[in-house]
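Shown next: entry15.txt, given as compact mmCIF, C-alpha atoms.
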```txt
# COMPACT_ATOMS: atom_id res chain seq x y z
CA MET L 1075 35.87 -10.00 21.70
CA THR L 1076 39.21 -10.52 20.03
CA ILE L 1077 41.87 -12.62 21.75
CA PRO L 1078 43.93 -9.52 22.70
CA GLU L 1079 40.79 -8.01 24.26
CA LEU L 1080 40.17 -11.21 26.23
CA GLN L 1081 43.79 -11.20 27.35
CA GLU L 1082 43.32 -7.65 28.65
CA LYS L 1083 40.26 -8.78 30.60
CA ALA L 1084 42.29 -11.61 32.13
CA ARG L 1085 45.05 -9.16 33.03
CA ALA L 1086 42.50 -6.93 34.79
CA ILE L 1087 41.09 -9.96 36.63
CA ARG L 1088 44.56 -11.00 37.78
CA MET L 1089 45.38 -7.50 39.00
CA ASP L 1090 42.07 -7.40 40.86
CA ILE L 1091 42.90 -10.75 42.50
CA VAL L 1092 46.26 -9.50 43.73
CA ARG L 1093 44.83 -6.22 45.02
CA MET L 1094 41.86 -7.75 46.82
CA VAL L 1095 43.76 -10.61 48.48
CA GLY L 1096 46.49 -8.18 49.50
CA ALA L 1097 43.92 -5.77 50.97
CA ALA L 1098 42.18 -8.61 52.81
CA GLY L 1099 45.40 -10.01 54.24
CA SER L 1100 44.13 -13.53 53.53
CA GLY L 1101 42.74 -15.56 50.66
CA HIS L 1102 43.70 -17.93 47.90
CA PRO L 1103 45.66 -16.25 45.08
CA GLY L 1104 47.36 -19.27 43.47
CA GLY L 1105 44.33 -21.17 42.20
CA SER L 1106 42.54 -17.92 41.38
CA LEU L 1107 45.34 -16.73 39.10
CA SER L 1108 45.51 -20.10 37.34
CA ALA L 1109 41.83 -19.83 36.35
CA ALA L 1110 41.76 -16.22 35.14
CA ASP L 1111 42.14 -16.88 31.41
CA MET L 1112 39.32 -19.41 31.37
CA LEU L 1113 36.92 -17.18 33.32
CA ALA L 1114 37.73 -14.26 31.03
CA VAL L 1115 36.70 -16.36 28.04
CA LEU L 1116 33.57 -17.65 29.78
CA TYR L 1117 32.24 -14.30 30.97
CA PHE L 1118 33.30 -12.12 28.05
CA GLN L 1119 32.87 -14.43 25.08
CA VAL L 1120 31.10 -17.72 25.67
CA MET L 1121 28.31 -17.45 28.23
CA ARG L 1122 24.92 -15.84 27.66
CA HIS L 1123 24.28 -13.67 30.72
CA HIS L 1124 23.01 -10.24 31.72
CA PRO L 1125 24.79 -8.41 34.58
CA THR L 1126 21.73 -6.19 35.07
CA ARG L 1127 19.45 -9.26 35.19
CA PRO L 1128 21.35 -11.89 37.17
CA ASP L 1129 18.15 -13.93 37.58
CA TRP L 1130 17.36 -14.06 33.83
CA PRO L 1131 15.81 -17.56 33.49
CA ASP L 1132 17.52 -18.40 30.20
CA ARG L 1133 21.03 -17.39 31.25
CA ASP L 1134 23.94 -19.80 31.09
CA ARG L 1135 25.10 -20.86 34.55
CA PHE L 1136 28.62 -21.04 36.02
CA VAL L 1137 29.42 -22.79 39.29
CA LEU L 1138 32.83 -22.40 40.90
CA SER L 1139 33.04 -25.74 42.68
CA LYS L 1140 36.48 -24.91 44.11
CA GLY L 1141 34.91 -22.10 46.09
CA HIS L 1142 38.10 -21.06 47.89
CA ALA L 1143 39.24 -19.57 44.55
CA CYS L 1144 36.39 -17.05 44.74
CA PRO L 1145 38.67 -14.03 44.10
CA VAL L 1146 38.76 -14.98 40.40
CA LEU L 1147 34.96 -15.26 40.29
CA TYR L 1148 34.44 -11.98 42.15
CA ALA L 1149 36.87 -10.21 39.82
CA ALA L 1150 35.18 -11.61 36.70
CA LEU L 1151 31.74 -10.61 37.97
CA ALA L 1152 32.91 -7.09 38.87
CA GLU L 1153 34.67 -6.58 35.54
CA ALA L 1154 31.50 -7.81 33.78
CA GLY L 1155 29.38 -5.24 35.64
CA TYR L 1156 27.51 -7.27 38.26
CA PHE L 1157 28.71 -4.90 41.00
CA PRO L 1158 31.25 -2.04 41.26
CA VAL L 1159 34.92 -3.00 41.03
CA GLU L 1160 35.52 -1.01 44.22
CA THR L 1161 33.53 -3.64 46.12
CA LEU L 1162 36.42 -6.06 45.55
CA TRP L 1163 38.57 -4.23 48.09
CA THR L 1164 36.12 -5.27 50.83
CA LEU L 1165 36.96 -8.97 50.39
CA ARG L 1166 36.70 -10.85 53.70
CA LYS L 1167 35.87 -7.68 55.60
CA PHE L 1168 33.13 -7.69 58.25
CA GLY L 1169 29.79 -6.88 56.62
CA SER L 1170 31.08 -7.32 53.04
CA ILE L 1171 29.08 -9.32 50.52
CA LEU L 1172 32.40 -10.84 49.39
CA GLN L 1173 33.28 -13.51 51.90
CA GLY L 1174 36.03 -16.13 51.77
CA HIS L 1175 33.69 -18.44 49.87
CA PRO L 1176 30.95 -17.28 47.48
CA ASP L 1177 27.47 -16.65 48.87
CA MET L 1178 24.62 -16.89 46.34
CA ARG L 1179 22.29 -14.98 48.71
CA LYS L 1180 24.49 -11.89 48.74
CA VAL L 1181 26.55 -11.66 45.55
CA PRO L 1182 24.83 -10.92 42.22
CA GLY L 1183 25.87 -13.49 39.63
CA VAL L 1184 26.93 -16.21 42.07
CA GLU L 1185 24.86 -19.28 41.21
CA MET L 1186 25.82 -21.49 44.16
CA SER L 1187 27.37 -21.07 47.61
CA THR L 1188 30.40 -23.33 47.36
CA GLY L 1189 33.38 -24.25 49.47
CA SER L 1190 32.76 -27.81 50.61
CA LEU L 1191 34.70 -29.50 47.83
CA GLY L 1192 32.71 -31.71 45.49
CA GLN L 1193 29.34 -30.11 46.11
CA GLY L 1194 29.60 -27.53 43.34
CA LEU L 1195 29.74 -30.15 40.61
CA ALA L 1196 26.77 -31.98 42.14
CA THR L 1197 24.79 -28.73 42.08
CA ALA L 1198 25.82 -27.96 38.51
CA LEU L 1199 24.58 -31.32 37.28
CA GLY L 1200 21.28 -30.62 39.07
CA MET L 1201 21.00 -27.34 37.18
CA ALA L 1202 21.76 -29.11 33.91
CA LEU L 1203 19.19 -31.82 34.64
CA ALA L 1204 16.59 -29.16 35.49
CA GLY L 1205 17.32 -27.47 32.17
CA LYS L 1206 16.74 -30.72 30.32
CA LEU L 1207 13.49 -31.44 32.19
CA ASP L 1208 12.22 -27.91 31.59
CA GLY L 1209 13.19 -27.92 27.91
CA LYS L 1210 15.55 -24.96 28.34
CA GLY L 1211 18.48 -24.23 26.06
CA TYR L 1212 20.91 -22.83 28.60
CA ARG L 1213 24.32 -24.36 29.19
CA VAL L 1214 25.81 -25.08 32.60
CA PHE L 1215 29.53 -24.66 33.25
CA ALA L 1216 31.43 -25.70 36.37
CA MET L 1217 35.06 -25.43 37.41
CA ILE L 1218 36.63 -28.00 39.70
CA GLY L 1219 40.10 -28.18 41.21
CA ASP L 1220 42.50 -31.06 40.66
CA GLY L 1221 42.83 -31.74 44.38
CA GLU L 1222 39.04 -31.66 44.49
CA VAL L 1223 38.79 -34.81 42.39
CA GLN L 1224 40.05 -36.70 45.44
CA GLU L 1225 36.50 -36.21 46.78
CA GLY L 1226 34.09 -39.11 46.30
CA GLU L 1227 31.21 -36.76 45.51
CA ILE L 1228 32.98 -35.74 42.31
CA TRP L 1229 32.79 -39.29 40.99
CA GLU L 1230 29.19 -39.79 42.14
CA SER L 1231 28.37 -36.66 40.14
CA ALA L 1232 30.36 -37.98 37.18
CA LEU L 1233 28.27 -41.16 37.18
CA ALA L 1234 24.98 -39.26 37.46
CA ALA L 1235 25.79 -36.72 34.73
CA ALA L 1236 26.66 -39.48 32.28
CA HIS L 1237 23.62 -41.54 33.29
CA TYR L 1238 21.27 -38.63 32.58
CA ARG L 1239 23.06 -37.81 29.31
CA LEU L 1240 23.64 -34.18 30.31
CA ASP L 1241 25.21 -32.83 27.14
CA ASN L 1242 24.35 -29.30 28.34
CA LEU L 1243 26.97 -29.63 31.12
CA THR L 1244 30.60 -28.63 30.58
CA VAL L 1245 33.11 -28.99 33.40
CA ILE L 1246 36.56 -27.40 33.45
CA GLN L 1247 39.20 -29.06 35.58
CA ASP L 1248 41.80 -26.49 36.60
CA PHE L 1249 44.73 -28.89 36.61
CA ASN L 1250 47.61 -26.90 38.12
CA GLY L 1251 49.06 -29.90 39.95
CA LEU L 1252 49.16 -28.35 43.44
CA GLN L 1253 46.84 -28.36 46.43
CA ILE L 1254 47.14 -26.90 49.92
CA ASP L 1255 49.27 -29.78 51.27
CA GLY L 1256 51.58 -30.09 48.25
CA PRO L 1257 51.67 -31.69 44.80
CA ASN L 1258 48.65 -33.84 43.97
CA ALA L 1259 50.95 -36.72 43.14
CA GLU L 1260 52.29 -36.73 46.71
CA VAL L 1261 49.04 -36.08 48.59
CA MET L 1262 46.91 -38.53 46.60
CA GLY L 1263 47.56 -39.17 42.93
CA VAL L 1264 44.71 -38.23 40.59
CA THR L 1265 46.15 -39.16 37.21
CA PRO L 1266 45.48 -40.35 34.57
CA LEU L 1267 42.56 -37.94 34.46
CA PRO L 1268 41.38 -38.10 30.83
CA GLU L 1269 41.13 -41.87 30.97
CA LYS L 1270 39.19 -41.75 34.26
CA TRP L 1271 36.61 -39.31 32.92
CA GLN L 1272 36.29 -41.23 29.69
CA ALA L 1273 35.64 -44.43 31.64
CA PHE L 1274 32.83 -42.63 33.46
CA GLY L 1275 31.17 -41.87 30.11
CA TRP L 1276 32.25 -38.28 29.53
CA HIS L 1277 33.37 -36.49 26.39
CA VAL L 1278 36.97 -35.53 27.22
CA LEU L 1279 39.06 -32.63 25.93
CA GLU L 1280 42.61 -31.74 26.97
CA ILE L 1281 43.93 -28.20 26.61
CA ASP L 1282 46.47 -25.66 27.78
CA GLY L 1283 44.36 -23.54 30.12
CA HIS L 1284 46.31 -20.38 29.22
CA HIS L 1285 46.11 -20.81 25.42
CA TYR L 1286 43.20 -18.75 24.16
CA GLN L 1287 42.59 -20.53 20.87
CA GLN L 1288 42.42 -23.83 22.74
CA ILE L 1289 40.12 -22.46 25.46
CA LEU L 1290 37.76 -20.93 22.90
CA ALA L 1291 37.68 -24.10 20.80
CA ALA L 1292 37.01 -26.33 23.80
CA LEU L 1293 34.14 -24.15 25.07
CA ALA L 1294 32.47 -23.73 21.68
CA PRO L 1295 28.94 -25.20 21.43
CA GLU L 1296 30.01 -27.49 18.61
CA GLN L 1297 32.33 -29.30 21.02
CA GLN L 1298 29.34 -30.63 22.91
CA ALA L 1299 28.93 -34.36 22.31
CA GLU L 1300 25.34 -35.54 21.92
CA GLY L 1301 24.21 -37.43 24.99
CA LYS L 1302 27.43 -36.88 26.96
CA PRO L 1303 28.63 -34.30 29.47
CA THR L 1304 31.95 -32.67 28.58
CA ILE L 1305 35.06 -32.41 30.76
CA ILE L 1306 37.89 -30.07 29.78
CA VAL L 1307 41.12 -31.08 31.50
CA ALA L 1308 42.96 -27.75 31.43
CA ARG L 1309 46.63 -27.80 32.38
CA THR L 1310 47.48 -24.55 34.11
CA ILE L 1311 50.14 -22.87 36.22
CA LYS L 1312 49.27 -22.07 39.81
CA GLY L 1313 49.90 -18.38 40.43
CA LYS L 1314 50.04 -17.68 36.68
CA GLY L 1315 51.33 -14.22 35.81
CA VAL L 1316 53.19 -13.48 39.03
CA SER L 1317 56.76 -14.79 38.92
CA PHE L 1318 57.23 -15.48 42.63
CA MET L 1319 53.85 -17.25 42.89
CA GLU L 1320 54.06 -19.51 39.86
CA ASN L 1321 54.16 -23.22 40.76
CA VAL L 1322 54.78 -22.42 44.46
CA VAL L 1323 52.42 -24.34 46.71
CA ASP L 1324 52.72 -21.79 49.56
CA TRP L 1325 50.63 -19.37 47.50
CA HIS L 1326 47.62 -21.67 47.57
CA GLY L 1327 46.25 -19.79 50.57
CA LYS L 1328 48.54 -16.90 51.52
CA ALA L 1329 48.19 -13.17 51.01
CA PRO L 1330 51.02 -11.05 49.57
CA SER L 1331 52.56 -8.20 51.56
CA GLN L 1332 52.17 -4.65 50.25
CA GLU L 1333 55.63 -4.84 48.70
CA GLN L 1334 54.73 -8.12 47.02
CA VAL L 1335 51.43 -6.65 45.81
CA GLU L 1336 53.33 -3.81 44.13
CA GLN L 1337 55.79 -6.23 42.54
CA ALA L 1338 53.01 -8.48 41.28
CA LEU L 1339 51.04 -5.58 39.83
CA ALA L 1340 54.13 -4.25 38.07
CA GLU L 1341 54.75 -7.66 36.50
CA LEU L 1342 51.14 -8.02 35.40
CA GLN L 1343 51.09 -4.50 33.98
CA ALA L 1344 54.26 -5.21 32.03
CA GLY L 1345 52.58 -8.34 30.70
```
Please re-express this file's structure in structure tokens.
Amino acid sequence: MTIPELQEKARAIRMDIVRMVGAAGSGHPGGSLSAADMLAVLYFQVMRHHPTRPDWPDRDRFVLSKGHACPVLYAALAEAGYFPVETLWTLRKFGSILQGHPDMRKVPGVEMSTGSLGQGLATALGMALAGKLDGKGYRVFAMIGDGEVQEGEIWESALAAAHYRLDNLTVIQDFNGLQIDGPNAEVMGVTPLPEKWQAFGWHVLEIDGHHYQQILAALAPEQQAEGKPTIIVARTIKGKGVSFMENVVDWHGKAPSQEQVEQALAELQAG
């Protein structure tokens, strides 16, 4: 796809996020909107996957470790054809396959049931290690939140991935600077992140998580470093694309009213 085509996919994903969280009356729009550009590039340009064969053994894998941001994953999967887009409007409804955190037993294309922060990265490194042991050529991608790196399991996983030389593992850190209780720097400082990951033996890249040339370059196979897992520290804007949500911590886990949904959709449509 061209960059304008990828941008259109991201716009559709963002509009889906707003609609589904608004319809549900609960959810996490802020950190879903910040990740939309990167998931558009992953699912529509970078990853090898088949929506009609979600269990294809040689597919690339994606694990959303920050599982509360599942609206962005659900939207990407629906737009890619894993299930009808109309299913998105059942988010968090009784009996829906789309719960408040992703369920790998119910949702086609979801590789891991996540939500307990830190566990998604641990699972992703297990998938990458399995690929190495089985001689498979698939890549494993994971997305973690910046508040999530306050979890000890993240750093245990960082040690293990470097120890096992998992150069088939690429992790994206959605670094929007805000978590549910406020700015990372006030809750528990996580910086300097590139230096921390480098000290743990990772290949480190820093990008603007909304700049398509930078996202594409960072995710390209040639960016893999032999014998090292890769971490992409992607600086993003929480609530990206919706003026009243951008950089506002309250939108970490709050649904918009119908009036706010209409305003947000109008802004996204205007682009």
Atomic distance atom CA of Tyr1117 of chain L - atom CA of Ala1329 of chain L, expressed in Å with one decimal: 25.6 Å
Please list as a PDB file with C-alpha atoms, keeping the file's coordinate frame every residue within 12 Å of Gly1200 of chain L, counting all atoms listed in the file and excluding residues in the same chain fewer than 3 positions away.
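And here's out_34.pdb as it stands now:
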```pdb
ATOM      1  CA  ARG L1135      25.100 -20.860  34.550  1.00  0.00           C
ATOM      2  CA  VAL L1137      29.420 -22.790  39.290  1.00  0.00           C
ATOM      3  CA  MET L1186      25.820 -21.490  44.160  1.00  0.00           C
ATOM      4  CA  GLN L1193      29.340 -30.110  46.110  1.00  0.00           C
ATOM      5  CA  GLY L1194      29.600 -27.530  43.340  1.00  0.00           C
ATOM      6  CA  LEU L1195      29.740 -30.150  40.610  1.00  0.00           C
ATOM      7  CA  ALA L1196      26.770 -31.980  42.140  1.00  0.00           C
ATOM      8  CA  THR L1197      24.790 -28.730  42.080  1.00  0.00           C
ATOM      9  CA  LEU L1203      19.190 -31.820  34.640  1.00  0.00           C
ATOM     10  CA  ALA L1204      16.590 -29.160  35.490  1.00  0.00           C
ATOM     11  CA  GLY L1205      17.320 -27.470  32.170  1.00  0.00           C
ATOM     12  CA  LYS L1206      16.740 -30.720  30.320  1.00  0.00           C
ATOM     13  CA  LEU L1207      13.490 -31.440  32.190  1.00  0.00           C
ATOM     14  CA  VAL L1214      25.810 -25.080  32.600  1.00  0.00           C
ATOM     15  CA  PHE L1215      29.530 -24.660  33.250  1.00  0.00           C
ATOM     16  CA  ALA L1216      31.430 -25.700  36.370  1.00  0.00           C
ATOM     17  CA  SER L1231      28.370 -36.660  40.140  1.00  0.00           C
ATOM     18  CA  ALA L1232      30.360 -37.980  37.180  1.00  0.00           C
ATOM     19  CA  ALA L1234      24.980 -39.260  37.460  1.00  0.00           C
ATOM     20  CA  ALA L1235      25.790 -36.720  34.730  1.00  0.00           C
ATOM     21  CA  TYR L1238      21.270 -38.630  32.580  1.00  0.00           C
ATOM     22  CA  LEU L1240      23.640 -34.180  30.310  1.00  0.00           C
ATOM     23  CA  ASN L1242      24.350 -29.300  28.340  1.00  0.00           C
ATOM     24  CA  LEU L1243      26.970 -29.630  31.120  1.00  0.00           C
TER      25      LEU L1243
END
```
Nearest to Gly1211 of chain L, chosen from L:Glu1230, L:Asp1241, L:Glu1341, L:Asp1129, with all atoms listed in the file counted in the distances: L:Asp1241
Residue nearest Leu1162 of chain L - candidates L:Val1095, L:Gly1221, L:Asp1134, L:Lys1210, atoms counted: all atoms listed in the file: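 Comparing L:Val1095, L:Gly1221, L:Asp1134, L:Lys1210 against Leu1162 of chain L, the winner is L:Val1095.
Taking all atoms listed in the file into account, the residues near (37.2, -5.0, 47.3), no farther than 8 Å, are Met1094, Ala1097, Val1159, Glu1160, Thr1161, Leu1162, Trp1163, Thr1164, Leu1165 and Leu1172 of chain L.
Nearest to Gln1297 of chain L of all the residues L:Gln1337, L:Ser1190, L:Thr1244, L:Ser1108 is L:Thr1244, counting all atoms listed in the file.
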Of the listed residues L:Gly1155, L:Pro1268, L:Pro1295, L:Gly1301, that which approaches His1237 of chain L most closely, counting only C-alpha atoms: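 Closest candidate: L:Gly1301.
Of the residues listed (L:Ile1246, L:Pro1176, L:Asp1255, L:Val1223), L:Ile1246 shows the shortest atom-to-atom separation from Val1278 of chain L; distances use all atoms listed in the file.
With only C-alpha atoms taken into account, the protein and nucleic acid residues at most 12 Å from Thr1126 of chain L (excluding it and anything under 3 positions from it in its own chain) are L:His1123, L:Asp1129, L:Trp1130, L:Arg1133, L:Leu1151, L:Ala1152, L:Ala1154, L:Gly1155, L:Tyr1156, L:Phe1157, L:Pro1182, L:Gly1183.
Atom pair atom CA of Asp1220 of chain L / atom CA of Gln1119 of chain L has a distance of 24.7 Å (rounded to one decimal).
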